[in-house]
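Everything on this sheet refers to the single structure shown next.
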Amino acid sequence: MAASSRSAREAKRRVQQMEAKRELRKEQDKRRKRDNVLAIAAGTTAVVVALVLQLTVFSSNPTEDEYAAAQAGLTSPSATPPATPSANAENIPKPETAAGQTFTGELKLNSGTLGVELDGTAAPQAAAVFKSLADQNFYAGLNCHRLTTAETFGVLQCGSKAGDGSSDPSFTWGPLENTPQDNNYPAGTIAVARSGGNAYGNGTQFFIVYKDTVIPADAAGGYTVVGKVTSGLDVVANIAAAGLKPGDNATDGAPAEPVTIDSFSLK
């Protein structure tokens, strides 16, 4: 009887151990499956997050500041390439030759004559440059290559030596003078075109504002206002009314009717 009882108890113990091991394996299998599911879920979440971030980055609209900067780059009267302050100083008349003076004269275009006035008090360097160029008869025969007709951006740009809007790298100067703090250029303003982002990127080109215009300042600032139209602004308004040559931009391009400068005189 005693031997039989011990055998029975031993057999029962082995059965219990086997069942315990079986339960342990089941639990381990469950845990392993659960861990795998979590790992897959975590990986899927990471992919989804990455996809969302990618779509957010590459599909987002530009900010107002980004849009303004782009617009400024597209619409600002400009001439290239830029220059450094000392690159060609010997070619540039001294501001002292115009300081405190007012120069008056006429800008004769093939479509009419404008009375003009340059302010050597507010912009002595710019006035000195344009008085010198006018005295040399530099502008005779050059064209006005650019016209803008947007609602708040109306200018006629002239004075490119090559006639295509490019600058003369041997004649660049600065600094900026008399730039509007509010970026507003009233009708009749005569201002200096320059290369973008360069306060010493002025050259021989200028633009006439024929209707109140807003031109955003760039990294260098605004555009030097050198003078104003005193009569004949309707000549430019009529050029604008004739429209643009067909092109990629509906409000910015060459005038429909070619505009050339017959003479530019100042005294």
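Following the order of the structure tokens, chains are lettered A, B, ..., residues in each are numbered from 1, and ligands are numbered from 1.
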
Kindly provide the residues of stretch 167-252 of chain A that approach stretch 146-157 of chain A to within 8 Å, each paired with its closest atom pair and their distance in Å to one decimal, based on only C-alpha atoms, listed by chain and increasing number, as a tab-separated table.
```
residue	atom	partner	partner_atom	distance
A:Ala193	CA	A:Gln157	CA	7.8
A:Gln205	CA	A:Gln157	CA	7.1
A:Phe206	CA	A:Gln157	CA	5.8
A:Phe207	CA	A:Gln157	CA	4.1
A:Ile208	CA	A:Leu156	CA	5.2
A:Val209	CA	A:Val155	CA	4.4
A:Tyr210	CA	A:Val155	CA	5.9
A:Lys211	CA	A:Gly154	CA	5.6
A:Asp212	CA	A:Thr152	CA	6.6
A:Thr213	CA	A:Phe153	CA	4.6
A:Val214	CA	A:Thr152	CA	6.0
A:Ile215	CA	A:Phe153	CA	7.3
A:Val236	CA	A:Leu156	CA	7.3
A:Ala240	CA	A:Thr149	CA	6.7
A:Gly243	CA	A:Thr149	CA	7.7
A:Leu244	CA	A:Leu147	CA	7.3
A:Thr251	CA	A:Thr149	CA	4.8
A:Asp252	CA	A:Thr148	CA	4.4
```

With all heavy atoms kept, could you save the residues just selected as a compact mmCIF listing (two decimals), in the first residue's frame?
```
# COMPACT_ATOMS: atom_id res chain seq x y z
N ALA A 193 16.11 102.26 -60.99
CA ALA A 193 16.07 100.79 -61.01
C ALA A 193 17.43 100.26 -60.57
O ALA A 193 18.47 100.90 -60.78
CB ALA A 193 15.74 100.28 -62.40
N GLN A 205 19.46 102.86 -65.43
CA GLN A 205 18.03 102.69 -65.64
C GLN A 205 17.20 103.43 -64.59
O GLN A 205 17.59 103.53 -63.43
CB GLN A 205 17.67 101.21 -65.62
CG GLN A 205 18.31 100.43 -66.76
CD GLN A 205 17.88 98.98 -66.78
OE1 GLN A 205 16.69 98.67 -66.74
NE2 GLN A 205 18.86 98.07 -66.81
N PHE A 206 16.05 103.89 -65.02
CA PHE A 206 15.11 104.57 -64.14
C PHE A 206 13.69 104.14 -64.51
O PHE A 206 13.46 103.58 -65.59
CB PHE A 206 15.25 106.10 -64.26
CG PHE A 206 14.98 106.64 -65.64
CD1 PHE A 206 13.71 107.07 -66.01
CD2 PHE A 206 16.00 106.70 -66.59
CE1 PHE A 206 13.45 107.56 -67.29
CE2 PHE A 206 15.76 107.19 -67.87
CZ PHE A 206 14.48 107.63 -68.22
N PHE A 207 12.76 104.39 -63.61
CA PHE A 207 11.37 104.10 -63.94
C PHE A 207 10.47 105.25 -63.55
O PHE A 207 10.70 105.95 -62.57
CB PHE A 207 10.90 102.77 -63.34
CG PHE A 207 10.96 102.66 -61.84
CD1 PHE A 207 9.86 102.96 -61.06
CD2 PHE A 207 12.12 102.21 -61.22
CE1 PHE A 207 9.90 102.82 -59.67
CE2 PHE A 207 12.18 102.08 -59.84
CZ PHE A 207 11.07 102.38 -59.06
N ILE A 208 9.45 105.45 -64.39
CA ILE A 208 8.47 106.51 -64.20
C ILE A 208 7.19 105.85 -63.71
O ILE A 208 6.66 104.93 -64.35
CB ILE A 208 8.21 107.26 -65.52
CG1 ILE A 208 9.51 107.87 -66.04
CG2 ILE A 208 7.14 108.32 -65.33
CD1 ILE A 208 9.42 108.30 -67.50
N VAL A 209 6.70 106.31 -62.59
CA VAL A 209 5.46 105.76 -62.01
C VAL A 209 4.29 106.57 -62.57
O VAL A 209 4.20 107.78 -62.35
CB VAL A 209 5.49 105.86 -60.47
CG1 VAL A 209 4.22 105.27 -59.88
CG2 VAL A 209 6.72 105.15 -59.92
N TYR A 210 3.39 105.92 -63.32
CA TYR A 210 2.30 106.65 -63.95
C TYR A 210 0.98 106.52 -63.19
O TYR A 210 0.00 107.21 -63.52
CB TYR A 210 2.12 106.23 -65.41
CG TYR A 210 1.67 104.80 -65.61
CD1 TYR A 210 0.32 104.45 -65.63
CD2 TYR A 210 2.61 103.78 -65.80
CE1 TYR A 210 -0.09 103.15 -65.83
CE2 TYR A 210 2.21 102.48 -66.00
CZ TYR A 210 0.86 102.16 -66.00
OH TYR A 210 0.46 100.86 -66.18
N LYS A 211 0.95 105.67 -62.16
CA LYS A 211 -0.19 105.61 -61.24
C LYS A 211 0.32 105.15 -59.89
O LYS A 211 1.38 104.50 -59.81
CB LYS A 211 -1.28 104.68 -61.77
CG LYS A 211 -0.88 103.23 -61.91
CD LYS A 211 -2.05 102.41 -62.43
CE LYS A 211 -1.67 100.95 -62.68
NZ LYS A 211 -2.82 100.17 -63.18
N ASP A 212 -0.38 105.49 -58.84
CA ASP A 212 0.08 105.16 -57.50
C ASP A 212 0.44 103.67 -57.43
O ASP A 212 -0.36 102.81 -57.80
CB ASP A 212 -1.00 105.47 -56.46
CG ASP A 212 -1.25 106.96 -56.32
OD1 ASP A 212 -0.45 107.75 -56.85
OD2 ASP A 212 -2.25 107.35 -55.68
N THR A 213 1.65 103.41 -56.95
CA THR A 213 2.22 102.06 -57.03
C THR A 213 2.83 101.65 -55.70
O THR A 213 3.42 102.47 -54.99
CB THR A 213 3.31 102.02 -58.13
OG1 THR A 213 2.67 102.13 -59.41
CG2 THR A 213 4.11 100.74 -58.10
N VAL A 214 2.69 100.37 -55.38
CA VAL A 214 3.33 99.79 -54.20
C VAL A 214 4.40 98.82 -54.67
O VAL A 214 4.13 97.89 -55.43
CB VAL A 214 2.30 99.04 -53.32
CG1 VAL A 214 3.00 98.39 -52.12
CG2 VAL A 214 1.21 100.00 -52.84
N ILE A 215 5.64 99.05 -54.21
CA ILE A 215 6.75 98.16 -54.54
C ILE A 215 7.39 97.70 -53.24
O ILE A 215 8.02 98.49 -52.54
CB ILE A 215 7.82 98.86 -55.41
CG1 ILE A 215 7.18 99.49 -56.64
CG2 ILE A 215 8.89 97.86 -55.83
CD1 ILE A 215 8.15 100.27 -57.51
N VAL A 236 2.76 108.84 -70.58
CA VAL A 236 3.05 107.48 -70.09
C VAL A 236 1.76 106.71 -69.88
O VAL A 236 1.68 105.51 -70.16
CB VAL A 236 3.88 107.54 -68.79
CG1 VAL A 236 4.24 106.13 -68.34
CG2 VAL A 236 5.14 108.36 -69.00
N ALA A 240 0.69 103.10 -71.48
CA ALA A 240 0.16 101.97 -70.71
C ALA A 240 -1.20 101.52 -71.24
O ALA A 240 -1.50 100.32 -71.30
CB ALA A 240 0.07 102.35 -69.24
N GLY A 243 -1.32 98.96 -73.89
CA GLY A 243 -1.10 97.58 -73.48
C GLY A 243 0.31 97.06 -73.73
O GLY A 243 1.23 97.82 -74.04
N LEU A 244 0.43 95.74 -73.60
CA LEU A 244 1.72 95.06 -73.70
C LEU A 244 1.78 94.16 -74.92
O LEU A 244 0.75 93.71 -75.43
CB LEU A 244 1.94 94.19 -72.45
CG LEU A 244 1.87 94.87 -71.09
CD1 LEU A 244 1.90 93.82 -69.99
CD2 LEU A 244 3.02 95.83 -70.92
N THR A 251 0.60 91.37 -67.17
CA THR A 251 0.68 92.73 -66.64
C THR A 251 2.12 93.27 -66.57
O THR A 251 2.36 94.32 -65.98
CB THR A 251 0.07 92.80 -65.23
OG1 THR A 251 0.78 91.92 -64.36
CG2 THR A 251 -1.40 92.42 -65.25
N ASP A 252 3.09 92.58 -67.15
CA ASP A 252 4.48 92.99 -67.03
C ASP A 252 5.24 92.52 -68.27
O ASP A 252 5.41 91.32 -68.49
CB ASP A 252 5.10 92.39 -65.77
CG ASP A 252 6.48 92.96 -65.45
OD1 ASP A 252 7.10 93.54 -66.34
OD2 ASP A 252 6.93 92.80 -64.30
```

Could you pull out the strand (DSSP E or B) residues of stretch 85-183 of chain A from DSSP and send them as a PyMOL selection string? chain A and resi 102-109+112-119+143+146-148+150+153-158+173

Go ahead and write the residues just picked, N, CA and C atoms, as a short mmCIF file (atom, residue, chain, number, x, y, z; two decimals), in the first residue's frame.
```
data_model
loop_
_atom_site.label_atom_id
_atom_site.label_comp_id
_atom_site.auth_asym_id
_atom_site.auth_seq_id
_atom_site.Cartn_x
_atom_site.Cartn_y
_atom_site.Cartn_z
N THR A 102 18.36 121.77 -57.65
CA THR A 102 17.20 121.20 -58.32
C THR A 102 17.41 121.33 -59.82
N PHE A 103 17.33 120.21 -60.53
CA PHE A 103 17.52 120.22 -61.97
C PHE A 103 16.17 120.03 -62.66
N THR A 104 15.89 120.87 -63.64
CA THR A 104 14.65 120.74 -64.39
C THR A 104 14.98 120.51 -65.86
N GLY A 105 14.05 119.89 -66.57
CA GLY A 105 14.30 119.65 -67.98
C GLY A 105 13.18 118.86 -68.63
N GLU A 106 13.52 118.20 -69.72
CA GLU A 106 12.53 117.46 -70.50
C GLU A 106 13.06 116.08 -70.86
N LEU A 107 12.16 115.13 -70.81
CA LEU A 107 12.41 113.78 -71.31
C LEU A 107 11.51 113.61 -72.53
N LYS A 108 12.12 113.63 -73.71
CA LYS A 108 11.34 113.53 -74.93
C LYS A 108 11.31 112.08 -75.41
N LEU A 109 10.11 111.55 -75.50
CA LEU A 109 9.90 110.20 -76.02
C LEU A 109 9.31 110.31 -77.42
N GLY A 112 5.76 111.55 -77.04
CA GLY A 112 5.42 112.78 -76.35
C GLY A 112 6.53 113.23 -75.41
N THR A 113 6.33 114.39 -74.80
CA THR A 113 7.35 114.99 -73.95
C THR A 113 6.88 115.13 -72.51
N LEU A 114 7.80 114.79 -71.58
CA LEU A 114 7.53 114.92 -70.15
C LEU A 114 8.42 116.02 -69.57
N GLY A 115 7.83 116.88 -68.76
CA GLY A 115 8.63 117.79 -67.97
C GLY A 115 9.09 117.07 -66.72
N VAL A 116 10.36 117.23 -66.34
CA VAL A 116 10.90 116.48 -65.19
C VAL A 116 11.66 117.41 -64.26
N GLU A 117 11.78 116.96 -63.02
CA GLU A 117 12.54 117.69 -62.00
C GLU A 117 13.28 116.70 -61.13
N LEU A 118 14.60 116.91 -60.95
CA LEU A 118 15.41 116.05 -60.10
C LEU A 118 15.80 116.80 -58.84
N ASP A 119 15.76 116.09 -57.72
CA ASP A 119 15.98 116.68 -56.40
C ASP A 119 17.37 116.33 -55.87
N ASN A 143 15.73 102.78 -75.41
CA ASN A 143 14.30 102.51 -75.34
C ASN A 143 13.79 102.38 -73.90
N ARG A 146 10.34 98.17 -70.52
CA ARG A 146 9.45 97.47 -69.60
C ARG A 146 8.28 98.34 -69.18
N LEU A 147 7.09 97.73 -69.20
CA LEU A 147 5.87 98.39 -68.77
C LEU A 147 5.10 97.43 -67.87
N THR A 148 4.61 97.95 -66.74
CA THR A 148 3.75 97.13 -65.88
C THR A 148 2.37 97.77 -65.82
N ALA A 150 -0.32 96.28 -63.71
CA ALA A 150 -1.14 95.72 -62.63
C ALA A 150 -1.89 96.83 -61.91
N PHE A 153 0.53 98.51 -59.52
CA PHE A 153 1.93 98.51 -59.96
C PHE A 153 1.99 98.99 -61.39
N GLY A 154 2.19 100.30 -61.55
CA GLY A 154 2.21 100.88 -62.88
C GLY A 154 3.46 101.71 -63.13
N VAL A 155 4.44 101.15 -63.84
CA VAL A 155 5.68 101.87 -64.13
C VAL A 155 6.11 101.63 -65.57
N LEU A 156 6.85 102.60 -66.09
CA LEU A 156 7.53 102.47 -67.38
C LEU A 156 9.02 102.57 -67.07
N GLN A 157 9.78 101.54 -67.43
CA GLN A 157 11.21 101.48 -67.10
C GLN A 157 12.04 101.69 -68.35
N CYS A 158 13.06 102.56 -68.24
CA CYS A 158 13.85 102.97 -69.38
C CYS A 158 15.34 102.99 -69.04
N TRP A 173 26.41 101.88 -58.97
CA TRP A 173 26.70 102.82 -57.90
C TRP A 173 25.64 102.74 -56.80
#
```

Give me, as a ChimeraX atom specification, all polymer residues having an atom no more than 7 Å from A:Thr224, counting only C-alpha atoms and skipping those fewer than 5 positions away in the same chain. /A:176-179,191-192

Can you write just those residues out, N, CA and C atoms, as a tab-separated table (two decimals), in the first residue's frame?
```
chain	number	residue	atom	x	y	z
A	176	LEU	N	21.60	103.77	-51.56
A	176	LEU	CA	20.21	104.15	-51.73
A	176	LEU	C	19.97	105.50	-51.07
A	177	GLU	N	19.07	106.28	-51.65
A	177	GLU	CA	18.72	107.59	-51.11
A	177	GLU	C	17.21	107.79	-51.23
A	178	ASN	N	16.64	108.51	-50.29
A	178	ASN	CA	15.25	108.96	-50.40
A	178	ASN	C	14.29	107.82	-50.77
A	179	THR	N	14.40	106.70	-50.08
A	179	THR	CA	13.52	105.56	-50.34
A	179	THR	C	12.26	105.65	-49.49
A	191	ALA	N	12.15	107.13	-60.21
A	191	ALA	CA	13.01	106.39	-59.29
A	191	ALA	C	14.05	105.59	-60.06
A	192	VAL	N	15.05	105.12	-59.33
A	192	VAL	CA	16.19	104.44	-59.94
A	192	VAL	C	16.01	102.93	-59.85
```

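Using only C-alpha atoms, the protein and nucleic acid residues lying no more than 9 Å from A:Gly159, apart from those fewer than 3 places from it along its own chain, are A:Phe138, A:Tyr139, A:Leu142, A:Asn143, A:Cys144, A:His145, A:Ala162, A:Gly163, A:Gly165, A:Gly203, A:Thr204, A:Gln205, A:Phe206, A:Phe207, A:Ile261.
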
Any chance you can output those residues with N, CA and C atoms as an mmCIF file, in the first residue's frame?
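Final output, again_22.cif:
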```cif
data_model
loop_
_atom_site.group_PDB
_atom_site.id
_atom_site.type_symbol
_atom_site.label_atom_id
_atom_site.label_comp_id
_atom_site.auth_asym_id
_atom_site.auth_seq_id
_atom_site.Cartn_x
_atom_site.Cartn_y
_atom_site.Cartn_z
ATOM 1 N N PHE A 138 23.558 110.520 -73.165
ATOM 2 C CA PHE A 138 23.598 109.061 -73.056
ATOM 3 C C PHE A 138 22.285 108.410 -73.484
ATOM 4 N N TYR A 139 21.157 109.041 -73.149
ATOM 5 C CA TYR A 139 19.866 108.367 -73.321
ATOM 6 C C TYR A 139 19.288 108.463 -74.730
ATOM 7 N N LEU A 142 17.954 105.317 -76.768
ATOM 8 C CA LEU A 142 17.653 104.131 -75.949
ATOM 9 C C LEU A 142 16.142 103.951 -75.844
ATOM 10 N N ASN A 143 15.733 102.776 -75.409
ATOM 11 C CA ASN A 143 14.296 102.507 -75.342
ATOM 12 C C ASN A 143 13.793 102.385 -73.904
ATOM 13 N N CYS A 144 12.505 102.307 -73.805
ATOM 14 C CA CYS A 144 11.837 101.983 -72.536
ATOM 15 C C CYS A 144 11.307 100.567 -72.703
ATOM 16 N N HIS A 145 12.032 99.628 -72.126
ATOM 17 C CA HIS A 145 11.842 98.221 -72.442
ATOM 18 C C HIS A 145 10.756 97.535 -71.616
ATOM 19 N N ALA A 162 21.797 98.204 -73.277
ATOM 20 C CA ALA A 162 21.626 97.131 -74.259
ATOM 21 C C ALA A 162 20.206 97.073 -74.805
ATOM 22 N N GLY A 163 19.281 97.753 -74.144
ATOM 23 C CA GLY A 163 17.902 97.795 -74.615
ATOM 24 C C GLY A 163 17.046 96.627 -74.187
ATOM 25 N N GLY A 165 16.996 95.454 -70.766
ATOM 26 C CA GLY A 165 16.831 95.418 -69.315
ATOM 27 C C GLY A 165 18.074 95.030 -68.558
ATOM 28 N N GLY A 203 22.173 101.834 -61.583
ATOM 29 C CA GLY A 203 22.918 101.984 -62.827
ATOM 30 C C GLY A 203 22.382 103.137 -63.637
ATOM 31 N N THR A 204 22.117 102.884 -64.896
ATOM 32 C CA THR A 204 21.617 103.938 -65.788
ATOM 33 C C THR A 204 20.103 103.891 -65.956
ATOM 34 N N GLN A 205 19.458 102.861 -65.429
ATOM 35 C CA GLN A 205 18.030 102.693 -65.644
ATOM 36 C C GLN A 205 17.203 103.426 -64.593
ATOM 37 N N PHE A 206 16.047 103.893 -65.022
ATOM 38 C CA PHE A 206 15.111 104.574 -64.140
ATOM 39 C C PHE A 206 13.694 104.142 -64.510
ATOM 40 N N PHE A 207 12.758 104.394 -63.607
ATOM 41 C CA PHE A 207 11.370 104.096 -63.944
ATOM 42 C C PHE A 207 10.468 105.249 -63.553
ATOM 43 N N ILE A 261 13.628 106.919 -76.448
ATOM 44 C CA ILE A 261 13.959 108.234 -75.913
ATOM 45 C C ILE A 261 14.625 109.054 -77.020
#
```

Give me, as a ChimeraX atom specification, all polymer residues having an atom no more than 8 Å from A:Glu257, counting only C-alpha atoms and skipping those fewer than 5 positions away in the same chain. /A:239,242,244-245

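As for atom CA of A:Asn183 and atom CA of A:Gly227, they are spaced 16.0 Å apart.
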
Atom pair atom CA of A:Asp182 + atom CA of A:Pro216, distance 8.7 Å

Sel. of helix (DSSP H, G or I) residues, stretch 107-178 of chain A, as a count of residues only: 12

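If you measure from each of A:Pro180, A:Ser231, A:Pro258, A:Thr172 to A:Ser195 using only C-alpha atoms, the closest one turns out to be A:Thr172.
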
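What separates atom CA of A:Asn110 from atom CA of A:Ala128 is a distance of 25.5 Å.
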
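In this comparison, which uses only C-alpha atoms, the residue of A:Gln101, A:Gln136, A:Ser111, A:Gln181 approaching A:Pro124 most closely is A:Gln101.
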